[in-house]
$ cat data-v7.pdb   # PDB, C-alpha atoms and all ligand atoms
MODEL        1
ATOM      1  CA  MET A  20      -8.847 -36.891  -2.624
ATOM      2  CA  GLU A  21      -6.149 -38.351  -0.421
ATOM      3  CA  SER A  22      -2.923 -37.633  -2.176
ATOM      4  CA  GLY A  23      -0.342 -38.060   0.536
ATOM      5  CA  ASP A  24       0.926 -34.542  -0.106
ATOM      6  CA  GLY A  25       0.520 -33.342   3.412
ATOM      7  CA  ASN A  26      -3.263 -33.588   3.819
ATOM      8  CA  LYS A  27      -4.082 -34.442   7.390
ATOM      9  CA  THR A  28      -7.081 -36.248   8.763
ATOM     10  CA  GLY A  29      -8.665 -36.625  12.215
ATOM     11  CA  SER A  30      -7.996 -34.024  14.877
ATOM     12  CA  ARG A  31      -5.684 -32.041  12.620
ATOM     13  CA  ASP A  32      -8.351 -31.293   9.996
ATOM     14  CA  VAL A  33      -8.283 -27.657   9.027
ATOM     15  CA  MET A  34     -11.314 -26.206   7.299
ATOM     16  CA  CYS A  35     -11.001 -23.634   4.501
ATOM     17  CA  PRO A  36     -12.664 -20.406   5.692
ATOM     18  CA  ILE A  37     -14.118 -19.856   2.207
ATOM     19  CA  CYS A  38     -15.397 -23.180   0.822
ATOM     20  CA  ARG A  39     -15.344 -25.171   4.139
ATOM     21  CA  SER A  40     -13.489 -28.058   2.528
ATOM     22  CA  ILE A  41     -10.850 -29.886   4.581
ATOM     23  CA  GLN A  42      -8.897 -30.805   1.457
ATOM     24  CA  ASN A  43      -5.887 -28.561   1.859
ATOM     25  CA  HIS A  44      -2.159 -28.998   2.128
ATOM     26  CA  LEU A  45       0.728 -27.184   3.740
ATOM     27  CA  TRP A  46       1.916 -24.501   1.298
ATOM     28  CA  LYS A  47       4.377 -22.665   3.538
ATOM     29  CA  LYS A  48       5.711 -23.463   7.001
ATOM     30  CA  SER A  49       5.369 -21.038   9.901
ATOM     31  CA  ASP A  50       8.367 -18.779  10.498
ATOM     32  CA  SER A  51       7.348 -17.597  13.936
ATOM     33  CA  SER A  52       5.860 -19.255  17.003
ATOM     34  CA  VAL A  53       5.799 -16.141  19.185
ATOM     35  CA  ILE A  54       4.315 -12.959  17.785
ATOM     36  CA  ARG A  55       4.077  -9.483  19.229
ATOM     37  CA  PRO A  56       1.867  -6.521  18.217
ATOM     38  CA  GLU A  57       4.774  -4.872  16.419
ATOM     39  CA  ASP A  58       5.089  -7.904  14.125
ATOM     40  CA  LEU A  59       1.749  -6.876  12.614
ATOM     41  CA  ALA A  60       2.697  -3.266  11.903
ATOM     42  CA  ILE A  61       1.479  -2.029   8.531
ATOM     43  CA  THR A  62       4.994  -0.994   7.667
ATOM     44  CA  ASP A  63       6.651  -4.164   8.951
ATOM     45  CA  LYS A  64       9.555  -4.882   6.642
ATOM     46  CA  ARG A  65       9.987  -8.562   7.411
ATOM     47  CA  TYR A  66       8.323  -9.723   4.216
ATOM     48  CA  GLY A  67       8.123 -13.435   3.599
ATOM     49  CA  MET A  68       7.617 -14.196   7.320
ATOM     50  CA  THR A  69       4.218 -15.787   7.908
ATOM     51  CA  PHE A  70       2.154 -18.130   9.995
ATOM     52  CA  GLU A  71       1.726 -21.592   8.544
ATOM     53  CA  ILE A  72      -0.063 -21.125   5.206
ATOM     54  CA  ARG A  73      -2.297 -23.861   3.807
ATOM     55  CA  GLU A  74      -3.616 -24.104   0.258
ATOM     56  CA  CYS A  75      -7.185 -25.334  -0.252
ATOM     57  CA  GLU A  76      -8.449 -27.231  -3.271
ATOM     58  CA  CYS A  77     -10.514 -24.097  -4.073
ATOM     59  CA  GLY A  78      -7.247 -22.170  -4.507
ATOM     60  CA  PHE A  79      -7.516 -20.069  -1.340
ATOM     61  CA  ARG A  80      -4.410 -19.874   0.843
ATOM     62  CA  PHE A  81      -4.889 -19.205   4.543
ATOM     63  CA  ALA A  82      -3.374 -19.426   7.997
ATOM     64  CA  PRO A  83      -5.239 -22.016  10.122
ATOM     65  CA  PRO A  84      -7.358 -20.803  13.085
ATOM     66  CA  SER A  85      -4.827 -22.094  15.619
ATOM     67  CA  ALA A  86      -2.328 -19.575  14.254
ATOM     68  CA  THR A  87      -4.673 -16.607  14.057
ATOM     69  CA  ASP A  88      -6.537 -16.821  17.389
ATOM     70  CA  GLN A  89      -4.470 -14.063  18.947
ATOM     71  CA  LEU A  90      -4.639 -11.789  15.935
ATOM     72  CA  LEU A  91      -7.448  -9.447  16.970
ATOM     73  CA  GLU A  92      -6.062  -8.992  20.479
ATOM     74  CA  LEU A  93      -2.735  -8.006  18.973
ATOM     75  CA  TYR A  94      -4.404  -5.523  16.614
ATOM     76  CA  LYS A  95      -6.034  -3.730  19.544
ATOM     77  CA  GLU A  96      -2.565  -3.031  20.904
ATOM     78  CA  LEU A  97      -1.015  -2.197  17.564
ATOM     79  CA  ASP A  98       0.711   1.139  17.438
ATOM     80  CA  ASP A  99       2.477   1.886  14.190
ATOM     81  CA  PRO A 100       4.257   5.242  14.261
ATOM     82  CA  ALA A 101       6.049   4.426  10.996
ATOM     83  CA  TYR A 102       2.671   4.320   9.236
ATOM     84  CA  GLU A 103       2.928   8.044   8.544
ATOM     85  CA  LEU A 104       6.050   7.367   6.445
ATOM     86  CA  GLY A 105       4.182   6.130   3.403
ATOM     87  CA  ARG A 106       1.570   8.846   3.763
ATOM     88  CA  GLU A 107       1.927  10.490   0.337
ATOM     89  CA  SER A 108       1.603   7.244  -1.582
ATOM     90  CA  ARG A 109      -1.347   6.116   0.509
ATOM     91  CA  LEU A 110      -3.025   9.464  -0.077
ATOM     92  CA  ALA A 111      -2.673   9.058  -3.846
ATOM     93  CA  GLN A 112      -3.987   5.482  -3.614
ATOM     94  CA  GLN A 113      -7.023   6.353  -1.504
ATOM     95  CA  SER A 114      -7.852   9.421  -3.614
ATOM     96  CA  SER A 115      -7.915   7.404  -6.818
ATOM     97  CA  LEU A 116     -10.077   4.688  -5.231
ATOM     98  CA  LEU A 117     -12.543   7.256  -3.939
ATOM     99  CA  GLU A 118     -12.679   8.940  -7.342
ATOM    100  CA  ARG A 119     -13.432   5.580  -8.975
ATOM    101  CA  LEU A 120     -16.206   4.812  -6.492
ATOM    102  CA  ARG A 121     -17.829   8.207  -6.974
ATOM    103  CA  GLU A 122     -17.760   7.771 -10.764
ATOM    104  CA  LEU A 123     -19.471   4.394 -10.376
ATOM    105  CA  MET A 124     -22.116   5.801  -8.047
ATOM    106  CA  PRO A 125     -22.437   9.564  -8.550
ATOM    107  CA  ALA A 126     -25.575   9.708  -6.382
ATOM    108  CA  SER A 127     -23.818   8.214  -3.341
ATOM    109  CA  THR A 128     -24.100  10.231  -0.144
ATOM    110  CA  SER A 129     -22.338   8.055   2.448
ATOM    111  CA  LEU A 130     -19.275   5.861   2.924
ATOM    112  CA  LEU A 131     -18.178   3.381   5.575
ATOM    113  CA  ASP A 132     -14.464   2.570   5.659
ATOM    114  CA  VAL A 133     -13.778  -0.788   7.301
ATOM    115  CA  GLY A 134     -10.266  -0.928   8.751
ATOM    116  CA  ALA A 135     -10.003   2.843   8.560
ATOM    117  CA  ALA A 136      -6.537   3.099  10.188
ATOM    118  CA  ASN A 137      -5.950   6.768  11.005
ATOM    119  CA  GLY A 138      -8.926   7.889   8.929
ATOM    120  CA  MET A 139      -7.359   8.985   5.656
ATOM    121  CA  LEU A 140     -10.174   7.703   3.431
ATOM    122  CA  VAL A 141     -12.812   8.855   5.926
ATOM    123  CA  ASP A 142     -11.271  12.323   5.731
ATOM    124  CA  LEU A 143     -11.110  12.367   1.911
ATOM    125  CA  ALA A 144     -14.684  11.111   1.611
ATOM    126  CA  GLY A 145     -15.882  13.726   4.079
ATOM    127  CA  ARG A 146     -14.153  16.481   2.113
ATOM    128  CA  SER A 147     -15.808  15.250  -1.084
ATOM    129  CA  GLY A 148     -19.210  15.749   0.541
ATOM    130  CA  LEU A 149     -20.014  12.233   1.750
ATOM    131  CA  ARG A 150     -21.180  11.396   5.250
ATOM    132  CA  SER A 151     -18.218   9.237   6.196
ATOM    133  CA  VAL A 152     -17.650   6.832   9.055
ATOM    134  CA  GLY A 153     -14.787   4.455   9.799
ATOM    135  CA  VAL A 154     -14.254   1.444  12.031
ATOM    136  CA  GLU A 155     -10.752   0.507  13.155
ATOM    137  CA  PRO A 156      -9.618  -2.125  15.678
ATOM    138  CA  SER A 157      -6.415  -0.329  16.709
ATOM    139  CA  GLU A 158      -7.156   1.940  19.681
ATOM    140  CA  SER A 159      -4.322   4.316  18.876
ATOM    141  CA  LEU A 160      -5.059   4.681  15.143
ATOM    142  CA  ALA A 161      -8.791   5.217  15.781
ATOM    143  CA  ALA A 162      -8.001   7.733  18.518
ATOM    144  CA  ALA A 163      -5.635   9.588  16.172
ATOM    145  CA  ALA A 164      -8.468   9.851  13.627
ATOM    146  CA  ARG A 165     -10.913  11.147  16.245
ATOM    147  CA  MET A 166      -8.365  13.732  17.345
ATOM    148  CA  ARG A 167      -8.644  15.130  13.820
ATOM    149  CA  GLY A 168     -12.414  15.366  14.176
ATOM    150  CA  LEU A 169     -13.205  12.258  12.133
ATOM    151  CA  ASP A 170     -15.950   9.754  12.946
ATOM    152  CA  VAL A 171     -13.808   6.636  13.369
ATOM    153  CA  ARG A 172     -15.109   4.128  15.916
ATOM    154  CA  THR A 173     -12.830   1.684  17.702
ATOM    155  CA  GLY A 174     -13.713  -1.915  16.886
ATOM    156  CA  THR A 175     -14.659  -4.228  14.051
ATOM    157  CA  LEU A 176     -17.807  -5.228  12.172
ATOM    158  CA  PRO A 177     -20.423  -6.213  13.186
ATOM    159  CA  MET A 178     -20.628  -3.225  15.539
ATOM    160  CA  LYS A 179     -23.676  -2.647  17.762
ATOM    161  CA  ALA A 180     -23.568   1.137  17.397
ATOM    162  CA  LEU A 181     -23.627   0.866  13.588
ATOM    163  CA  GLU A 182     -26.252  -1.867  13.294
ATOM    164  CA  SER A 183     -29.061   0.388  12.093
ATOM    165  CA  GLU A 184     -26.903   2.536   9.801
ATOM    166  CA  LYS A 185     -26.749   1.947   6.061
ATOM    167  CA  PHE A 186     -24.225   3.290   3.589
ATOM    168  CA  ASP A 187     -24.074   3.713  -0.205
ATOM    169  CA  LEU A 188     -20.410   2.773  -0.291
ATOM    170  CA  VAL A 189     -18.501   0.360   1.921
ATOM    171  CA  ALA A 190     -14.721   0.185   1.483
ATOM    172  CA  CYS A 191     -12.356  -2.557   2.661
ATOM    173  CA  VAL A 192      -8.944  -1.460   1.450
ATOM    174  CA  ASP A 193      -6.153  -3.876   2.354
ATOM    175  CA  VAL A 194      -8.267  -5.409   5.110
ATOM    176  CA  ILE A 195      -9.692  -8.772   4.011
ATOM    177  CA  GLU A 196      -6.229 -10.377   3.898
ATOM    178  CA  HIS A 197      -5.912  -9.608   7.631
ATOM    179  CA  VAL A 198      -9.016 -11.445   8.862
ATOM    180  CA  ALA A 199      -9.314 -15.120   9.754
ATOM    181  CA  GLU A 200     -12.994 -15.285   8.689
ATOM    182  CA  PRO A 201     -13.323 -13.333   5.441
ATOM    183  CA  LEU A 202     -16.894 -14.522   4.790
ATOM    184  CA  ALA A 203     -18.006 -13.106   8.146
ATOM    185  CA  LEU A 204     -16.433  -9.779   7.169
ATOM    186  CA  LEU A 205     -18.213  -9.784   3.795
ATOM    187  CA  HIS A 206     -21.553 -10.642   5.435
ATOM    188  CA  ALA A 207     -21.059  -7.804   7.906
ATOM    189  CA  CYS A 208     -20.310  -5.400   5.041
ATOM    190  CA  ARG A 209     -23.455  -6.593   3.307
ATOM    191  CA  THR A 210     -25.661  -5.658   6.256
ATOM    192  CA  GLN A 211     -24.219  -2.110   6.240
ATOM    193  CA  LEU A 212     -25.022  -1.518   2.549
ATOM    194  CA  ASN A 213     -28.056   0.188   1.081
ATOM    195  CA  PRO A 214     -29.865  -2.039  -1.471
ATOM    196  CA  ASN A 215     -28.161  -0.280  -4.391
ATOM    197  CA  GLY A 216     -24.887   0.205  -2.562
ATOM    198  CA  LYS A 217     -21.437  -0.855  -3.674
ATOM    199  CA  LEU A 218     -18.691  -2.684  -1.846
ATOM    200  CA  LEU A 219     -15.032  -2.050  -2.677
ATOM    201  CA  ILE A 220     -12.447  -4.681  -1.801
ATOM    202  CA  VAL A 221      -8.736  -4.145  -2.398
ATOM    203  CA  THR A 222      -6.315  -6.931  -1.542
ATOM    204  CA  PRO A 223      -2.983  -8.360  -2.731
ATOM    205  CA  ASP A 224      -3.392 -10.672  -5.724
ATOM    206  CA  ALA A 225      -1.762 -14.046  -5.115
ATOM    207  CA  ALA A 226      -2.123 -14.823  -8.841
ATOM    208  CA  SER A 227      -0.289 -11.676  -9.953
ATOM    209  CA  PHE A 228       2.933 -11.796 -11.927
ATOM    210  CA  ALA A 229       4.961 -10.557  -8.932
ATOM    211  CA  ALA A 230       3.408 -13.177  -6.630
ATOM    212  CA  ARG A 231       4.124 -15.998  -9.059
ATOM    213  CA  ILE A 232       7.675 -14.873  -9.815
ATOM    214  CA  LEU A 233       8.639 -14.262  -6.178
ATOM    215  CA  GLY A 234       6.850 -17.373  -4.828
ATOM    216  CA  LYS A 235       7.376 -17.707  -1.095
ATOM    217  CA  ARG A 236       9.425 -14.482  -1.024
ATOM    218  CA  TRP A 237       6.562 -12.276  -2.313
ATOM    219  CA  TRP A 238       6.444  -9.045  -0.285
ATOM    220  CA  HIS A 239       2.781  -9.533   0.633
ATOM    221  CA  LEU A 240       3.621 -12.745   2.505
ATOM    222  CA  ARG A 241       3.573 -11.346   6.029
ATOM    223  CA  LEU A 242       2.505 -12.401   9.506
ATOM    224  CA  ALA A 243      -0.363  -9.923   9.391
ATOM    225  CA  HIS A 244      -1.717 -11.423   6.161
ATOM    226  CA  VAL A 245      -3.650 -14.590   6.956
ATOM    227  CA  GLY A 246      -5.691 -14.927   3.740
ATOM    228  CA  TYR A 247      -4.338 -14.786   0.171
ATOM    229  CA  PHE A 248      -6.883 -14.194  -2.592
ATOM    230  CA  THR A 249      -6.781 -14.415  -6.362
ATOM    231  CA  PRO A 250      -9.382 -12.736  -8.596
ATOM    232  CA  SER A 251     -11.275 -16.037  -8.791
ATOM    233  CA  THR A 252     -11.237 -16.926  -5.075
ATOM    234  CA  LEU A 253     -12.279 -13.364  -4.206
ATOM    235  CA  ALA A 254     -15.196 -13.508  -6.662
ATOM    236  CA  TYR A 255     -16.136 -16.910  -5.194
ATOM    237  CA  ALA A 256     -16.093 -15.563  -1.631
ATOM    238  CA  LEU A 257     -18.157 -12.532  -2.688
ATOM    239  CA  ASN A 258     -20.743 -14.798  -4.341
ATOM    240  CA  LEU A 259     -20.989 -16.948  -1.204
ATOM    241  CA  ALA A 260     -21.633 -13.778   0.826
ATOM    242  CA  GLY A 261     -24.436 -12.626  -1.499
ATOM    243  CA  PHE A 262     -22.538 -10.273  -3.803
ATOM    244  CA  GLU A 263     -21.871 -10.220  -7.508
ATOM    245  CA  VAL A 264     -18.747  -8.681  -8.990
ATOM    246  CA  GLU A 265     -19.487  -5.579 -11.023
ATOM    247  CA  LEU A 266     -15.999  -4.426 -11.856
ATOM    248  CA  GLN A 267     -12.469  -5.634 -11.285
ATOM    249  CA  TRP A 268      -9.148  -3.989 -12.051
ATOM    250  CA  ARG A 269      -5.533  -3.901 -10.982
ATOM    251  CA  PRO A 270      -4.939  -0.543  -9.378
ATOM    252  CA  GLY A 271      -1.597   1.194  -9.839
ATOM    253  CA  TRP A 272      -0.136   2.743  -6.760
ATOM    254  CA  SER A 273       2.347   5.516  -6.378
ATOM    255  CA  PHE A 274       5.235   4.994  -4.008
ATOM    256  CA  GLU A 275       7.580   7.370  -2.343
ATOM    257  CA  ILE A 276      11.090   6.557  -3.490
ATOM    258  CA  GLY A 277      12.403   6.006   0.038
ATOM    259  CA  TYR A 278       9.497   3.755   0.953
ATOM    260  CA  LEU A 279       9.823   1.729  -2.208
ATOM    261  CA  ALA A 280      13.580   1.361  -1.851
ATOM    262  CA  GLU A 281      13.157   0.002   1.662
ATOM    263  CA  ARG A 282      10.418  -2.297   0.475
ATOM    264  CA  VAL A 283      12.435  -3.894  -2.292
ATOM    265  CA  GLY A 284      15.700  -3.691  -0.368
ATOM    266  CA  SER A 285      15.842  -7.417   0.239
ATOM    267  CA  TYR A 286      15.329  -8.291  -3.433
ATOM    268  CA  ILE A 287      17.444  -5.879  -5.385
ATOM    269  CA  PRO A 288      21.137  -5.264  -4.656
ATOM    270  CA  GLY A 289      21.666  -1.560  -4.136
ATOM    271  CA  ALA A 290      18.120  -0.798  -3.055
ATOM    272  CA  SER A 291      19.090  -0.660   0.624
ATOM    273  CA  TRP A 292      21.833   1.755  -0.279
ATOM    274  CA  LEU A 293      19.288   3.890  -2.134
ATOM    275  CA  ALA A 294      17.014   3.814   0.920
ATOM    276  CA  ASP A 295      19.879   5.019   3.114
ATOM    277  CA  ARG A 296      20.864   7.703   0.630
ATOM    278  CA  SER A 297      17.312   8.879   0.068
ATOM    279  CA  ARG A 298      16.820   9.364   3.793
ATOM    280  CA  GLN A 299      19.543  11.984   3.676
ATOM    281  CA  THR A 300      18.398  13.741   0.538
ATOM    282  CA  ARG A 301      15.308  15.327  -0.889
ATOM    283  CA  LEU A 302      14.601  12.097  -2.754
ATOM    284  CA  MET A 303      12.767  10.763   0.299
ATOM    285  CA  GLY A 304       9.185  11.859  -0.016
ATOM    286  CA  GLU A 305       9.252  12.193  -3.799
ATOM    287  CA  THR A 306       6.255  10.308  -5.110
ATOM    288  CA  VAL A 307       6.857   8.375  -8.282
ATOM    289  CA  PRO A 308       4.104   6.611 -10.176
ATOM    290  CA  LEU A 309       4.819   2.922 -10.310
ATOM    291  CA  ASN A 310       2.440   0.131 -11.042
ATOM    292  CA  LEU A 311       3.333  -3.146  -9.347
ATOM    293  CA  PHE A 312       0.069  -4.701 -10.615
ATOM    294  CA  ASP A 313      -0.004  -7.075  -7.671
ATOM    295  CA  SER A 314      -3.222  -5.965  -6.000
ATOM    296  CA  ILE A 315      -6.786  -6.446  -7.141
ATOM    297  CA  ALA A 316      -9.610  -4.009  -6.671
ATOM    298  CA  VAL A 317     -13.161  -5.321  -6.944
ATOM    299  CA  VAL A 318     -16.435  -3.447  -6.801
ATOM    300  CA  ALA A 319     -19.390  -5.687  -5.981
ATOM    301  CA  ARG A 320     -23.138  -5.140  -5.598
ATOM    302  CA  LEU A 321     -25.759  -7.151  -3.764
ATOM    303  CA  ALA A 322     -26.877 -10.202  -5.752
ATOM    304  CA  HIS A 323     -30.603 -10.380  -6.492
TER     305      HIS A 323
HETATM  306 ZN    ZN B   1     -11.411 -23.651  -0.053
ENDMDL
END

$ encode --input "data-v7.pdb" --output "structure tokens" --more "lines below"
Ligand SMILES: [Zn+2]
Amino acid sequence: MESGDGNKTGSRDVMCPICRSIQNHLWKKSDSSVIRPEDLAITDKRYGMTFEIRECECGFRFAPPSATDQLLELYKELDDPAYELGRESRLAQQSSLLERLRELMPASTSLLDVGAANGMLVDLAGRSGLRSVGVEPSESLAAAARMRGLDVRTGTLPMKALESEKFDLVACVDVIEHVAEPLALLHACRTQLNPNGKLLIVTPDAASFAARILGKRWWHLRLAHVGYFTPSTLAYALNLAGFEVELQWRPGWSFEIGYLAERVGSYIPGASWLADRSRQTRLMGETVPLNLFDSIAVVARLAH
């Protein structure tokens, strides 16, 4: 499959973390050789800035291991005070996901949130009567959750202290695009699930209308995102990790006007002005329903 389109051989072979093929080509050049923890902030506005992104023959786009080696170390130091800004919209998002999960599995009694940030979903799940636990690599976010009395452990899966614990629901909301080895994450989620349990994955959809229209300027192209899934590559990865897809949909999020205006500021003339104005008025903090349709949510069960 040599095509002369940028495929490299020999010592520069890069293996796809999903299908393990080395048939991939450069899709987008790196924008940054030096990265700092703040470059990974959840609310980082420098969209379109990424590591080198390669595209595999299986369709998966990913940053090569050489670019992502430092990632976890940086996450441990990540402190993102601006995260609270988008709180209302995140609350609406997490509430609707939890509601969906509980409808799918009314008998569920426990939930593990992987990449729990400051524990919002852990809190909501706890209030809805579930035994809820989170794991979060950022020391400061996990500590903030514990300060509020939530069971959020600092670290990532697999975690020694959680090895013997099983859950009915495992959630990975906006997490899998951050990890260099997504199959390892899915395997780790699998070992935490009860036999009838359900796994929820939410991630940006690289095949969405917005992604295709915006190309290399899509707002989900960010340093912190090192894996870009489509519905088909996500289903493929889930199958390889021993899951089968039960349900898939495009969730609609709500955004606070100020947050949204800042987010689209670089695309739409006038949006930055609106962001500035909304900071000074009561507009900031208003939550408006808006469906960008550029994420996918998948619920998967263990394959038999
Ligand atoms: Zn591949």

$ resolve_selection --input "data-v7.pdb" --expression "the PyMOL selection byres (((not hetatm)) within 9 of (chain B and resi 1))" --output "list in words"
Met34, Cys35, Pro36, Ile37, Cys38, Arg39, Ser40, Ile41, Gln42, Asn43, Glu74, Cys75, Glu76, Cys77, Gly78, Phe79, Arg80 and Thr252 of chain A

$ write_last_selection --input "data-v7.pdb" --atoms "C-alpha atoms" --output "PDB file, in the coordinates of the input"
ATOM      1  CA  MET A  34     -11.314 -26.206   7.299  1.00  0.00           C
ATOM      2  CA  CYS A  35     -11.001 -23.634   4.501  1.00  0.00           C
ATOM      3  CA  PRO A  36     -12.664 -20.406   5.692  1.00  0.00           C
ATOM      4  CA  ILE A  37     -14.118 -19.856   2.207  1.00  0.00           C
ATOM      5  CA  CYS A  38     -15.397 -23.180   0.822  1.00  0.00           C
ATOM      6  CA  ARG A  39     -15.344 -25.171   4.139  1.00  0.00           C
ATOM      7  CA  SER A  40     -13.489 -28.058   2.528  1.00  0.00           C
ATOM      8  CA  ILE A  41     -10.850 -29.886   4.581  1.00  0.00           C
ATOM      9  CA  GLN A  42      -8.897 -30.805   1.457  1.00  0.00           C
ATOM     10  CA  ASN A  43      -5.887 -28.561   1.859  1.00  0.00           C
ATOM     11  CA  GLU A  74      -3.616 -24.104   0.258  1.00  0.00           C
ATOM     12  CA  CYS A  75      -7.185 -25.334  -0.252  1.00  0.00           C
ATOM     13  CA  GLU A  76      -8.449 -27.231  -3.271  1.00  0.00           C
ATOM     14  CA  CYS A  77     -10.514 -24.097  -4.073  1.00  0.00           C
ATOM     15  CA  GLY A  78      -7.247 -22.170  -4.507  1.00  0.00           C
ATOM     16  CA  PHE A  79      -7.516 -20.069  -1.340  1.00  0.00           C
ATOM     17  CA  ARG A  80      -4.410 -19.874   0.843  1.00  0.00           C
ATOM     18  CA  THR A 252     -11.237 -16.926  -5.075  1.00  0.00           C
TER      19      THR A 252
END

$ closest_residue --input "data-v7.pdb" --among "A:Asp170, A:Glu107, A:Asp313, A:Asp50" --to "Pro270 (chain A)" --atoms "all atoms listed in the file"
A:Asp313

$ closest_residue --input "data-v7.pdb" --among "A:Ala316, A:Leu176, A:Ala190, A:Met139" --to "Pro223 (chain A)" --atoms "only C-alpha atoms"
A:Ala316

$ resolve_selection --input "data-v7.pdb" --expression "the PyMOL selection byres (((chain A and resi 203-207) around 6) and not hetatm)" --output "tab-separated table (two decimals) with C-alpha atoms, in the frame of the given file"
chain	number	residue	atom	x	y	z
A	176	LEU	CA	-17.81	-5.23	12.17
A	177	PRO	CA	-20.42	-6.21	13.19
A	200	GLU	CA	-12.99	-15.28	8.69
A	201	PRO	CA	-13.32	-13.33	5.44
A	202	LEU	CA	-16.89	-14.52	4.79
A	208	CYS	CA	-20.31	-5.40	5.04
A	209	ARG	CA	-23.46	-6.59	3.31
A	210	THR	CA	-25.66	-5.66	6.26
A	260	ALA	CA	-21.63	-13.78	0.83

$ atom_distance --input "data-v7.pdb" --atom1 "CA of Ser129 (chain A)" --atom2 "CA of Gly168 (chain A)"
17.0 Å

$ atom_distance --input "data-v7.pdb" --atom1 "CA of Arg167 (chain A)" --atom2 "CA of Asp142 (chain A)"
9.0 Å

$ resolve_selection --input "data-v7.pdb" --expression "the PyMOL selection byres (((chain A and resi 225-231) around 6) and not hetatm)" --output "PyMOL selection string"
chain A and resi 224+232-234+237+247-249+313

$ residues_around --input "data-v7.pdb" --residues "Val192 (chain A)" --least-positions-apart "2" --cutoff "9 Å" --atoms "only C-alpha atoms" --output "PyMOL selection string"
chain A and resi 113+132-135+190+194-195+219-222+316

$ atom_distance --input "data-v7.pdb" --atom1 "CA of Asp193 (chain A)" --atom2 "CA of Lys48 (chain A)"
23.4 Å

$ closest_residue --input "data-v7.pdb" --among "A:Gly174, A:His44, A:Val264, A:Leu169" --to "Gly145 (chain A)" --atoms "all atoms listed in the file"
A:Leu169

$ axis_aligned_box --input "data-v7.pdb" --around "region 32-50 of chain A" --padding-each-side "5 Å" --output "lines of an AutoDock Vina configuration file"
center_x = -3.5
center_y = -25.0
center_z = 5.7
size_x = 33.8
size_y = 22.5
size_z = 19.7

$ closest_residue --input "data-v7.pdb" --among "A:Val33, A:Leu131, A:Leu140, A:Leu321" --to "Pro83 (chain A)" --atoms "all atoms listed in the file"
A:Val33

$ closest_residue --input "data-v7.pdb" --among "A:Ser147, A:Ser85, A:Asn137, A:Gln211" --to "Ala163 (chain A)" --atoms "only C-alpha atoms"
A:Asn137

$ closest_residue --input "data-v7.pdb" --among "A:Arg165, A:Arg172, A:Lys185, A:Arg121" --to "Leu149 (chain A)" --atoms "all atoms listed in the file"
A:Arg121

$ residues_around --input "data-v7.pdb" --residues "Val198 (chain A)" --least-positions-apart "6" --cutoff "10 Å" --atoms "all atoms listed in the file" --output "VMD selection string"
chain A and resid 81 to 82 87 90 to 91 204 243 to 246

$ residues_around --input "data-v7.pdb" --residues "Glu263 (chain A)" --least-positions-apart "2" --cutoff "6 Å" --atoms "only C-alpha atoms" --output "tab-separated table (two decimals) with C-alpha atoms, in the frame of the given file"
chain	number	residue	atom	x	y	z
A	258	ASN	CA	-20.74	-14.80	-4.34
A	319	ALA	CA	-19.39	-5.69	-5.98
A	320	ARG	CA	-23.14	-5.14	-5.60
A	322	ALA	CA	-26.88	-10.20	-5.75

$ decode --input "data-v7.pdb" --residues "region 167-177 of chain A" --atoms "N, CA and C atoms" --output "compact mmCIF listing (two decimals), in the first residue's frame"
# COMPACT_ATOMS: atom_id res chain seq x y z
N ARG A 167 -15.75 18.43 48.34
CA ARG A 167 -17.21 18.48 48.36
C ARG A 167 -17.81 17.16 48.84
N GLY A 168 -16.94 16.29 49.38
CA GLY A 168 -17.43 15.04 49.96
C GLY A 168 -17.67 13.93 48.95
N LEU A 169 -17.12 14.09 47.74
CA LEU A 169 -17.34 13.08 46.70
C LEU A 169 -16.19 12.08 46.67
N ASP A 170 -16.50 10.85 46.26
CA ASP A 170 -15.49 9.80 46.18
C ASP A 170 -14.81 9.85 44.81
N VAL A 171 -13.88 10.76 44.66
CA VAL A 171 -13.11 10.88 43.41
C VAL A 171 -11.64 10.63 43.75
N ARG A 172 -11.09 9.57 43.15
CA ARG A 172 -9.72 9.16 43.44
C ARG A 172 -8.77 9.74 42.39
N THR A 173 -7.61 10.18 42.84
CA THR A 173 -6.63 10.74 41.93
C THR A 173 -5.92 9.62 41.18
N GLY A 174 -5.96 9.67 39.86
CA GLY A 174 -5.26 8.67 39.05
C GLY A 174 -6.06 8.30 37.81
N THR A 175 -5.64 7.21 37.19
CA THR A 175 -6.28 6.73 35.97
C THR A 175 -6.53 5.23 36.10
N LEU A 176 -7.32 4.68 35.19
CA LEU A 176 -7.52 3.24 35.14
C LEU A 176 -6.37 2.60 34.36
N PRO A 177 -5.95 1.38 34.68
CA PRO A 177 -6.39 0.58 35.83
C PRO A 177 -5.82 1.12 37.14
